[in-house]
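J.: So that you have it, the file is my_file13.txt, and it contains compact mmCIF, C-alpha atoms:
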# COMPACT_ATOMS: atom_id res chain seq x y z
CA MET A 59 89.30 -26.67 26.95
CA LYS A 60 90.42 -29.71 28.95
CA ILE A 61 88.71 -33.10 28.83
CA GLY A 62 89.62 -35.59 31.57
CA ILE A 63 89.56 -39.33 30.85
CA ASP A 64 89.72 -42.15 33.40
CA VAL A 65 92.50 -44.37 32.05
CA LEU A 66 91.90 -47.20 34.54
CA GLY A 67 88.14 -47.71 34.12
CA GLY A 68 86.38 -50.32 31.98
CA ASP A 69 86.90 -53.93 30.91
CA PHE A 70 89.75 -53.17 28.51
CA ALA A 71 91.65 -50.61 30.57
CA PRO A 72 94.18 -49.15 30.30
CA ASP A 73 94.93 -49.98 26.64
CA ALA A 74 91.53 -49.11 25.14
CA ASN A 75 91.38 -45.82 27.04
CA ILE A 76 94.87 -44.70 26.05
CA GLN A 77 94.36 -45.74 22.43
CA GLY A 78 90.97 -44.00 22.36
CA ALA A 79 92.50 -40.83 23.79
CA VAL A 80 95.19 -40.85 21.09
CA LEU A 81 92.54 -41.25 18.38
CA ALA A 82 90.41 -38.45 19.86
CA ASN A 83 93.42 -36.17 20.15
CA LYS A 84 93.82 -36.29 16.39
CA GLU A 85 90.22 -35.16 15.82
CA LEU A 86 89.65 -32.55 18.53
CA PRO A 87 90.45 -28.85 18.00
CA GLU A 88 94.06 -27.87 18.61
CA ASP A 89 93.17 -25.79 21.67
CA THR A 90 91.61 -28.83 23.39
CA ARG A 91 93.77 -30.75 25.81
CA ILE A 92 93.11 -34.34 26.92
CA VAL A 93 93.96 -35.05 30.56
CA LEU A 94 94.90 -38.68 31.22
CA ILE A 95 94.02 -39.68 34.80
CA GLY A 96 95.47 -42.90 36.20
CA ASP A 97 98.73 -44.58 37.16
CA GLU A 98 101.46 -42.39 35.63
CA ASP A 99 103.86 -45.22 34.76
CA THR A 100 101.06 -47.16 33.08
CA ILE A 101 100.08 -44.11 31.04
CA LEU A 102 103.66 -43.41 29.96
CA ARG A 103 104.18 -47.03 28.90
CA GLY A 104 100.95 -46.97 26.94
CA LEU A 105 101.84 -43.75 25.13
CA SER A 106 105.34 -45.07 24.40
CA SER A 107 103.93 -48.25 22.84
CA LEU A 108 101.94 -46.04 20.45
CA ASN A 109 104.92 -43.76 19.72
CA GLU A 110 102.88 -40.90 21.15
CA PRO A 111 104.71 -38.02 22.91
CA PRO A 112 103.59 -37.55 26.56
CA SER A 113 103.93 -33.80 26.08
CA ALA A 114 100.78 -33.91 23.90
CA TYR A 115 98.71 -34.68 27.01
CA ASP A 116 98.33 -33.68 30.63
CA ILE A 117 98.96 -36.63 32.96
CA VAL A 118 97.52 -36.74 36.48
CA HIS A 119 98.74 -39.55 38.73
CA ALA A 120 95.92 -41.56 40.32
CA PRO A 121 97.17 -45.08 41.11
CA ASP A 122 94.06 -46.69 42.61
CA VAL A 123 91.22 -48.34 40.72
CA ILE A 124 87.51 -48.49 41.56
CA THR A 125 86.53 -51.88 40.16
CA MET A 126 83.12 -53.05 39.02
CA ASP A 127 82.90 -55.07 42.26
CA ASP A 128 83.39 -52.06 44.55
CA HIS A 129 80.28 -50.75 46.31
CA PRO A 130 79.29 -47.41 44.67
CA THR A 131 78.56 -45.51 47.89
CA ARG A 132 81.71 -46.69 49.67
CA ALA A 133 84.19 -46.67 46.78
CA ILE A 134 84.79 -42.92 46.55
CA PRO A 135 85.61 -42.27 50.25
CA GLN A 136 87.56 -45.54 50.55
CA LYS A 137 89.67 -44.87 47.44
CA PRO A 138 90.37 -41.11 47.31
CA ASN A 139 93.37 -41.70 45.03
CA SER A 140 91.39 -43.65 42.47
CA SER A 141 91.13 -42.37 38.91
CA ILE A 142 87.39 -41.72 39.30
CA ALA A 143 87.73 -39.82 42.60
CA VAL A 144 90.65 -37.73 41.33
CA GLY A 145 88.88 -36.98 38.05
CA LEU A 146 85.76 -35.77 39.83
CA ASP A 147 87.92 -33.65 42.16
CA LEU A 148 89.59 -32.01 39.15
CA LEU A 149 86.18 -31.26 37.66
CA ALA A 150 84.87 -29.87 40.96
CA ARG A 151 87.85 -27.50 41.17
CA GLY A 152 87.35 -26.34 37.58
CA GLU A 153 90.70 -27.73 36.40
CA ILE A 154 89.00 -29.72 33.64
CA ASN A 155 85.81 -28.93 31.70
CA ALA A 156 84.49 -32.49 31.53
CA PHE A 157 85.32 -35.88 33.01
CA ALA A 158 84.61 -39.18 31.24
CA SER A 159 84.92 -42.79 32.41
CA THR A 160 83.95 -46.29 31.29
CA GLY A 161 84.40 -47.51 34.87
CA ASN A 162 81.96 -48.26 37.69
CA THR A 163 78.72 -46.48 36.72
CA GLY A 164 77.35 -46.45 40.27
CA ALA A 165 80.54 -44.88 41.62
CA MET A 166 80.42 -42.24 38.87
CA LEU A 167 76.80 -41.41 39.73
CA VAL A 168 77.33 -41.29 43.49
CA GLY A 169 80.64 -39.45 43.14
CA ALA A 170 79.14 -36.87 40.80
CA MET A 171 76.26 -36.19 43.19
CA TYR A 172 78.52 -35.69 46.20
CA LYS A 173 81.65 -34.14 44.67
CA ILE A 174 80.06 -32.10 41.87
CA ASN A 175 76.64 -31.81 43.55
CA THR A 176 73.15 -32.09 42.15
CA ILE A 177 71.69 -28.95 40.58
CA PRO A 178 69.25 -27.39 43.08
CA GLY A 179 65.70 -28.37 42.14
CA VAL A 180 66.68 -31.62 40.40
CA ILE A 181 65.16 -34.55 42.30
CA ARG A 182 67.11 -37.36 40.60
CA PRO A 183 69.99 -37.02 38.10
CA CYS A 184 69.65 -39.47 35.22
CA ILE A 185 71.46 -40.98 32.24
CA THR A 186 70.37 -41.33 28.62
CA THR A 187 71.01 -43.24 25.43
CA LYS A 188 70.58 -42.42 21.76
CA ILE A 189 67.96 -44.37 19.80
CA PRO A 190 68.63 -44.65 16.03
CA CYS A 191 65.55 -43.94 13.92
CA ILE A 192 64.72 -45.37 10.51
CA ASP A 193 64.74 -41.93 8.84
CA GLY A 194 68.38 -41.34 9.82
CA SER A 195 67.67 -39.20 12.88
CA GLU A 196 68.22 -40.06 16.55
CA SER A 197 66.01 -39.84 19.60
CA ILE A 198 67.04 -39.65 23.24
CA LEU A 199 65.73 -42.19 25.76
CA LEU A 200 65.93 -41.45 29.48
CA ASP A 201 66.33 -42.74 32.13
CA VAL A 202 68.17 -45.94 31.17
CA GLY A 203 69.15 -47.39 34.52
CA SER A 204 70.11 -44.91 37.21
CA ASN A 205 66.60 -44.67 38.73
CA ALA A 206 64.73 -47.98 38.66
CA ASP A 207 61.83 -46.69 40.78
CA CYS A 208 60.39 -43.26 39.97
CA LYS A 209 57.54 -40.99 40.97
CA PRO A 210 55.55 -38.88 38.48
CA ASP A 211 57.40 -35.64 39.27
CA VAL A 212 60.72 -37.41 38.60
CA LEU A 213 59.52 -38.53 35.15
CA TYR A 214 58.39 -34.99 34.50
CA GLN A 215 61.86 -33.69 35.33
CA PHE A 216 63.38 -36.30 33.01
CA ALA A 217 61.29 -34.74 30.25
CA VAL A 218 62.70 -31.29 31.06
CA LEU A 219 66.29 -32.55 31.33
CA GLY A 220 66.00 -34.51 28.08
CA SER A 221 64.56 -31.47 26.30
CA LEU A 222 67.48 -29.31 27.39
CA TYR A 223 69.99 -31.98 26.34
CA SER A 224 68.30 -32.36 22.95
CA LYS A 225 68.14 -28.60 22.41
CA TYR A 226 71.67 -27.59 23.39
CA VAL A 227 73.72 -30.62 22.32
CA PHE A 228 71.72 -31.91 19.34
CA ASP A 229 70.34 -28.55 18.15
CA ARG A 230 66.65 -29.46 18.32
CA GLU A 231 64.96 -26.11 18.80
CA ASN A 232 61.65 -27.40 20.20
CA PRO A 233 62.18 -31.12 20.88
CA ARG A 234 59.11 -33.34 20.90
CA VAL A 235 58.69 -35.27 24.15
CA GLY A 236 56.93 -38.62 24.34
CA LEU A 237 56.13 -40.80 27.37
CA LEU A 238 56.90 -44.50 26.86
CA ASN A 239 53.69 -46.38 27.59
CA ILE A 240 51.62 -49.44 26.65
CA GLY A 241 49.23 -47.44 24.47
CA GLU A 242 48.81 -44.04 22.85
CA GLU A 243 45.57 -43.18 24.65
CA GLU A 244 45.70 -40.97 27.75
CA SER A 245 43.79 -43.62 29.70
CA LYS A 246 46.46 -46.29 29.14
CA GLY A 247 49.27 -47.17 31.54
CA ASN A 248 49.90 -47.73 35.22
CA LEU A 249 49.53 -45.26 38.09
CA LEU A 250 53.00 -43.85 37.38
CA THR A 251 52.52 -43.12 33.69
CA LEU A 252 48.94 -41.89 34.14
CA SER A 253 50.07 -39.32 36.70
CA ALA A 254 53.20 -38.39 34.74
CA HIS A 255 51.12 -37.91 31.58
CA LYS A 256 48.89 -35.42 33.39
CA LEU A 257 51.90 -33.42 34.63
CA MET A 258 53.49 -33.30 31.19
CA LYS A 259 50.28 -32.44 29.39
CA GLU A 260 49.66 -29.46 31.68
CA SER A 261 53.20 -28.11 31.36
CA ASP A 262 54.34 -25.29 29.08
CA GLU A 263 58.04 -26.07 29.72
CA ILE A 264 58.14 -28.96 27.27
CA ASN A 265 56.69 -29.85 23.87
CA PHE A 266 54.75 -32.90 25.04
CA ILE A 267 53.17 -34.97 22.24
CA GLY A 268 51.65 -37.75 24.37
CA ASN A 269 52.33 -41.44 24.85
CA ILE A 270 54.80 -43.42 22.73
CA GLU A 271 54.51 -47.20 22.34
CA GLY A 272 57.50 -49.51 22.20
CA ARG A 273 56.95 -50.16 18.48
CA ASP A 274 57.26 -46.42 17.80
CA LEU A 275 60.71 -45.99 19.36
CA PHE A 276 62.59 -46.23 16.07
CA GLU A 277 60.08 -44.28 13.96
CA SER A 278 61.20 -40.76 14.96
CA LYS A 279 57.85 -39.91 16.53
CA ALA A 280 59.58 -38.09 19.40
CA ASP A 281 62.97 -36.45 19.94
CA VAL A 282 62.92 -37.29 23.66
CA VAL A 283 61.36 -40.46 25.08
CA VAL A 284 60.80 -40.61 28.84
CA ALA A 285 60.73 -43.78 30.94
CA ASP A 286 61.63 -44.93 34.44
CA GLY A 287 65.14 -46.36 34.69
CA PHE A 288 63.93 -49.97 34.95
CA THR A 289 61.93 -49.81 31.72
CA GLY A 290 64.54 -47.72 29.91
CA ASN A 291 67.32 -50.14 30.79
CA VAL A 292 65.31 -53.11 29.51
CA VAL A 293 64.76 -51.28 26.21
CA LEU A 294 68.45 -50.38 25.96
CA LYS A 295 69.66 -53.94 26.64
CA GLN A 296 67.13 -55.38 24.20
CA ALA A 297 68.34 -53.04 21.45
CA GLU A 298 71.95 -54.03 22.18
CA ALA A 299 70.97 -57.71 22.07
CA MET A 300 69.22 -57.31 18.71
CA TYR A 301 72.35 -55.72 17.24
CA THR A 302 74.48 -58.60 18.57
CA LEU A 303 72.09 -61.21 17.16
CA ILE A 304 72.05 -59.54 13.75
CA ARG A 305 75.85 -59.49 13.66
CA LYS A 306 75.98 -63.16 14.67
CA ARG A 307 73.62 -63.97 11.79
CA GLY A 308 76.05 -62.31 9.39
CA ILE A 309 73.58 -59.62 8.39
CA GLU A 310 75.06 -56.31 7.23
CA ASP A 311 72.51 -53.52 7.33
CA GLU A 312 73.12 -49.75 7.41
CA PHE A 313 70.30 -49.04 9.84
CA PHE A 314 71.09 -51.81 12.32
CA ASN A 315 74.79 -50.90 12.23
CA ARG A 316 73.77 -47.67 13.94
CA PHE A 317 72.90 -49.69 17.05
CA ASN A 318 76.61 -50.33 17.60
CA TYR A 319 77.47 -48.79 20.98
CA GLU A 320 80.89 -47.78 19.61
CA ASN A 321 79.24 -44.99 17.62
CA TYR A 322 77.96 -43.18 20.71
CA GLY A 323 80.71 -43.63 23.27
CA GLY A 324 79.02 -42.20 26.34
CA THR A 325 76.25 -40.15 27.88
CA PRO A 326 76.28 -37.25 30.36
CA ILE A 327 74.74 -37.48 33.81
CA LEU A 328 71.93 -34.95 33.50
CA GLY A 329 71.18 -32.92 36.62
CA VAL A 330 74.61 -32.48 38.21
CA LYS A 331 76.55 -29.21 38.22
CA GLY A 332 79.43 -30.42 36.02
CA ASN A 333 79.92 -32.30 32.76
CA VAL A 334 80.28 -35.94 33.83
CA ILE A 335 80.12 -38.52 31.03
CA ILE A 336 79.66 -42.27 31.49
CA GLY A 337 80.73 -44.80 28.87
CA HIS A 338 79.95 -48.49 28.36
CA GLY A 339 82.10 -50.83 30.45
CA ILE A 340 82.99 -52.91 27.39
CA SER A 341 84.17 -49.88 25.41
CA ASN A 342 87.00 -50.41 22.95
CA ASP A 343 89.28 -47.70 21.59
CA ILE A 344 86.70 -46.46 19.04
CA ALA A 345 84.00 -46.15 21.71
CA VAL A 346 86.41 -44.31 24.02
CA LYS A 347 87.35 -41.94 21.22
CA ASN A 348 83.67 -41.13 20.62
CA MET A 349 83.07 -40.77 24.37
CA ILE A 350 85.82 -38.15 24.56
CA LYS A 351 84.49 -36.35 21.48
CA HIS A 352 80.98 -36.29 22.96
CA SER A 353 82.42 -34.98 26.23
CA PHE A 354 83.88 -32.11 24.23
CA GLU A 355 80.49 -31.42 22.59
CA VAL A 356 78.71 -31.45 25.96
CA ALA A 357 81.30 -29.13 27.55
CA LYS A 358 81.29 -26.80 24.54
CA SER A 359 77.49 -26.49 24.70
CA GLY A 360 77.63 -25.42 28.36
CA LEU A 361 74.93 -27.99 29.07
CA ALA A 362 75.37 -28.21 32.85
CA ASP A 363 75.26 -24.42 33.22
CA LYS A 364 72.16 -24.17 31.03
CA ILE A 365 70.35 -26.87 33.02
CA ASN A 366 71.32 -25.07 36.23
CA LYS A 367 69.93 -21.80 34.84
CA ALA A 368 66.70 -23.48 33.70
CA PHE A 369 66.08 -24.99 37.15
CA ASN A 370 66.97 -21.83 39.02
Please, can you express the file's structure as structure tokens?
T.:
Amino acid sequence: MKIGIDVLGGDFAPDANIQGAVLANKELPEDTRIVLIGDEDTILRGLSSLNEPPSAYDIVHAPDVITMDDHPTRAIPQKPNSSIAVGLDLLARGEINAFASTGNTGAMLVGAMYKINTIPGVIRPCITTKIPCIDGSESILLDVGSNADCKPDVLYQFAVLGSLYSKYVFDRENPRVGLLNIGEEESKGNLLTLSAHKLMKESDEINFIGNIEGRDLFESKADVVVADGFTGNVVLKQAEAMYTLIRKRGIEDEFFNRFNYENYGGTPILGVKGNVIIGHGISNDIAVKNMIKHSFEVAKSGLADKINKAFN
């Protein structure tokens, strides 16, 4: 198996990405190969500084960088030699099994949709995050930012995509699906959640348990929590802020330490034909290592193929 990593993406590139790749290489199975995609001289210097042999990796030269300031829809065609564009091309040709980046999220989303293609039947690909629960388990929240405005059928598809992700990557045989809302009652919510609730309740594709309130997110009431990307992103950023505040207060707590983004690394784009994983832009070497390891888990599970089969 080959896992591609964008060396030039993220706030702390290239050092954090190269260091994270070296750490991941020590923990992945021996038959797994990490493919470093970026400026070749930069990669070789980085490996040399860590006393790491270049022969332990595949190196693909991609000298250009898509920055956070580049426009997502224009960046890919304007910078075909960028690490993101080259990585997606390698994935599209089947030369790597997964591609991960902490770079421009919009460019990764747009590039994945046009170079890898959306799975037929999927209206909107989406991204997720893990939510730590007080009992030690984890839930999945989606969408968390890629689709700010949604229609009811899109939320319904998020429920299906999240269920497949939970089942095949996290081994939840019949994942419970909850709809994030302002009350548990069916009558609560806005036009979007009321209509989405009806679609989910009438479906036999998912194990829908009803509405989930914000205060229930960390209580393990659902394995998959569905929201539009605007709401999901607000929840995600609030959870990140709470972790930061707790650390600033000098509080050390086992549960709240699980909110550290470093532990999760990245999340796949659900609904595209290949395994494309997006990491946090501020990722350090530990976060990059975990992003690469999760990319391996996603590729090993055959998630993209199983979603494609479920929708077709």
J.: Have a look at A:Gly323, A:Gly220, A:Pro178, A:Gly329 and name the one nearest to Ala82 of chain A; count only C-alpha atoms.
T.: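 Of the candidates, the smallest distance to Ala82 of chain A is held by A:Gly323.
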J.: Could you check which of A:Gly268, A:Asp281, A:His255, A:Glu263 is closest to Arg230 of chain A, using only C-alpha atoms?
T.: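 Under the stated criterion, the closest residue is A:Asp281.
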J.: Select, from A:Ile264, A:Asn348, A:Ser107, A:Phe354, the residue with the minimum atom-to-atom distance to Pro87 of chain A, counting only C-alpha atoms.
T.: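 Ranking A:Ile264, A:Asn348, A:Ser107, A:Phe354 by distance to Pro87 of chain A, first place goes to A:Phe354.
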J.: Around (71.7, -48.7, 14.3), as given in the file, which residues come within 12 Å? Count only C-alpha atoms and list them as a PyMOL selection string.
T.: chain A and resi 188-197+276+297-302+304-305+310-322
J.: Give me, as an MDAnalysis selection string, all polymer residues having an atom no more than 9 Å from Asn175 of chain A, counting only C-alpha atoms and skipping those fewer than 2 positions away in the same chain.
T.: chainID A and resid 150 169:173 177:178 329:332
J.: Taking only C-alpha atoms into account, which of A:Pro121, A:Gly62, A:Pro233, A:Gly247 comes nearest Val283 of chain A?
T.: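 Closest residue, counting only C-alpha atoms: A:Pro233.
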J.: Would you mind listing what lies within 10 Å of Phe70 of chain A as an MDAnalysis selection string, with only C-alpha atoms counted and same-chain residues fewer than 2 positions away left out?
T.: chainID A and resid 65:68 72:75 160 339:343
J.: Using all atoms listed in the file, which residues sit within 9 Å of Val212 of chain A once same-chain residues fewer than 3 positions away are excluded, as a list in words?
T.: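 My reading of the contact set: Val180, Ile181, Arg182, Cys208, Lys209, Gln215, Phe216, Ala217, Ala254 and Asp286 of chain A.
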J.: Can you tell me, as a PDB file with C-alpha atoms, in the coordinates of the input, what residues are no more than 12 Å from segment 356-366 of chain A when counting all atoms listed in the file, ignoring any on the same chain fewer than 4 positions away?
T.:
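part00.pdb was written with the following content:
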ATOM      1  CA  MET A  59      89.300 -26.670  26.950  1.00  0.00           C
ATOM      2  CA  LYS A  60      90.420 -29.710  28.950  1.00  0.00           C
ATOM      3  CA  ILE A  61      88.710 -33.100  28.830  1.00  0.00           C
ATOM      4  CA  GLY A  62      89.620 -35.590  31.570  1.00  0.00           C
ATOM      5  CA  LEU A  86      89.650 -32.550  18.530  1.00  0.00           C
ATOM      6  CA  PRO A  87      90.450 -28.850  18.000  1.00  0.00           C
ATOM      7  CA  THR A  90      91.610 -28.830  23.390  1.00  0.00           C
ATOM      8  CA  LEU A 149      86.180 -31.260  37.660  1.00  0.00           C
ATOM      9  CA  ILE A 154      89.000 -29.720  33.640  1.00  0.00           C
ATOM     10  CA  ASN A 155      85.810 -28.930  31.700  1.00  0.00           C
ATOM     11  CA  ALA A 156      84.490 -32.490  31.530  1.00  0.00           C
ATOM     12  CA  PHE A 157      85.320 -35.880  33.010  1.00  0.00           C
ATOM     13  CA  ALA A 158      84.610 -39.180  31.240  1.00  0.00           C
ATOM     14  CA  ILE A 174      80.060 -32.100  41.870  1.00  0.00           C
ATOM     15  CA  ASN A 175      76.640 -31.810  43.550  1.00  0.00           C
ATOM     16  CA  THR A 176      73.150 -32.090  42.150  1.00  0.00           C
ATOM     17  CA  ILE A 177      71.690 -28.950  40.580  1.00  0.00           C
ATOM     18  CA  PRO A 178      69.250 -27.390  43.080  1.00  0.00           C
ATOM     19  CA  GLY A 179      65.700 -28.370  42.140  1.00  0.00           C
ATOM     20  CA  VAL A 180      66.680 -31.620  40.400  1.00  0.00           C
ATOM     21  CA  PRO A 183      69.990 -37.020  38.100  1.00  0.00           C
ATOM     22  CA  GLN A 215      61.860 -33.690  35.330  1.00  0.00           C
ATOM     23  CA  PHE A 216      63.380 -36.300  33.010  1.00  0.00           C
ATOM     24  CA  VAL A 218      62.700 -31.290  31.060  1.00  0.00           C
ATOM     25  CA  LEU A 219      66.290 -32.550  31.330  1.00  0.00           C
ATOM     26  CA  GLY A 220      66.000 -34.510  28.080  1.00  0.00           C
ATOM     27  CA  SER A 221      64.560 -31.470  26.300  1.00  0.00           C
ATOM     28  CA  LEU A 222      67.480 -29.310  27.390  1.00  0.00           C
ATOM     29  CA  TYR A 223      69.990 -31.980  26.340  1.00  0.00           C
ATOM     30  CA  SER A 224      68.300 -32.360  22.950  1.00  0.00           C
ATOM     31  CA  LYS A 225      68.140 -28.600  22.410  1.00  0.00           C
ATOM     32  CA  TYR A 226      71.670 -27.590  23.390  1.00  0.00           C
ATOM     33  CA  VAL A 227      73.720 -30.620  22.320  1.00  0.00           C
ATOM     34  CA  PHE A 228      71.720 -31.910  19.340  1.00  0.00           C
ATOM     35  CA  ASP A 229      70.340 -28.550  18.150  1.00  0.00           C
ATOM     36  CA  GLY A 324      79.020 -42.200  26.340  1.00  0.00           C
ATOM     37  CA  THR A 325      76.250 -40.150  27.880  1.00  0.00           C
ATOM     38  CA  PRO A 326      76.280 -37.250  30.360  1.00  0.00           C
ATOM     39  CA  ILE A 327      74.740 -37.480  33.810  1.00  0.00           C
ATOM     40  CA  LEU A 328      71.930 -34.950  33.500  1.00  0.00           C
ATOM     41  CA  GLY A 329      71.180 -32.920  36.620  1.00  0.00           C
ATOM     42  CA  VAL A 330      74.610 -32.480  38.210  1.00  0.00           C
ATOM     43  CA  LYS A 331      76.550 -29.210  38.220  1.00  0.00           C
ATOM     44  CA  GLY A 332      79.430 -30.420  36.020  1.00  0.00           C
ATOM     45  CA  ASN A 333      79.920 -32.300  32.760  1.00  0.00           C
ATOM     46  CA  VAL A 334      80.280 -35.940  33.830  1.00  0.00           C
ATOM     47  CA  ILE A 335      80.120 -38.520  31.030  1.00  0.00           C
ATOM     48  CA  MET A 349      83.070 -40.770  24.370  1.00  0.00           C
ATOM     49  CA  ILE A 350      85.820 -38.150  24.560  1.00  0.00           C
ATOM     50  CA  LYS A 351      84.490 -36.350  21.480  1.00  0.00           C
ATOM     51  CA  HIS A 352      80.980 -36.290  22.960  1.00  0.00           C
ATOM     52  CA  ASN A 370      66.970 -21.830  39.020  1.00  0.00           C
TER      53      ASN A 370
END
J.: Provide the atom CA of Gly145 of chain A to atom CA of Ser204 of chain A distance in Å, to one decimal place.
T.: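 Those two atoms sit 20.4 Å apart.
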J.: Go through A:Ser159, A:Val292, A:Gly241, A:Leu94 one by one, measure the shortest atom-to-atom distance of each to Val346 of chain A using all atoms listed in the file, and give the residue with the smallest value.
T.: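 Comparing A:Ser159, A:Val292, A:Gly241, A:Leu94 against Val346 of chain A, the winner is A:Ser159.
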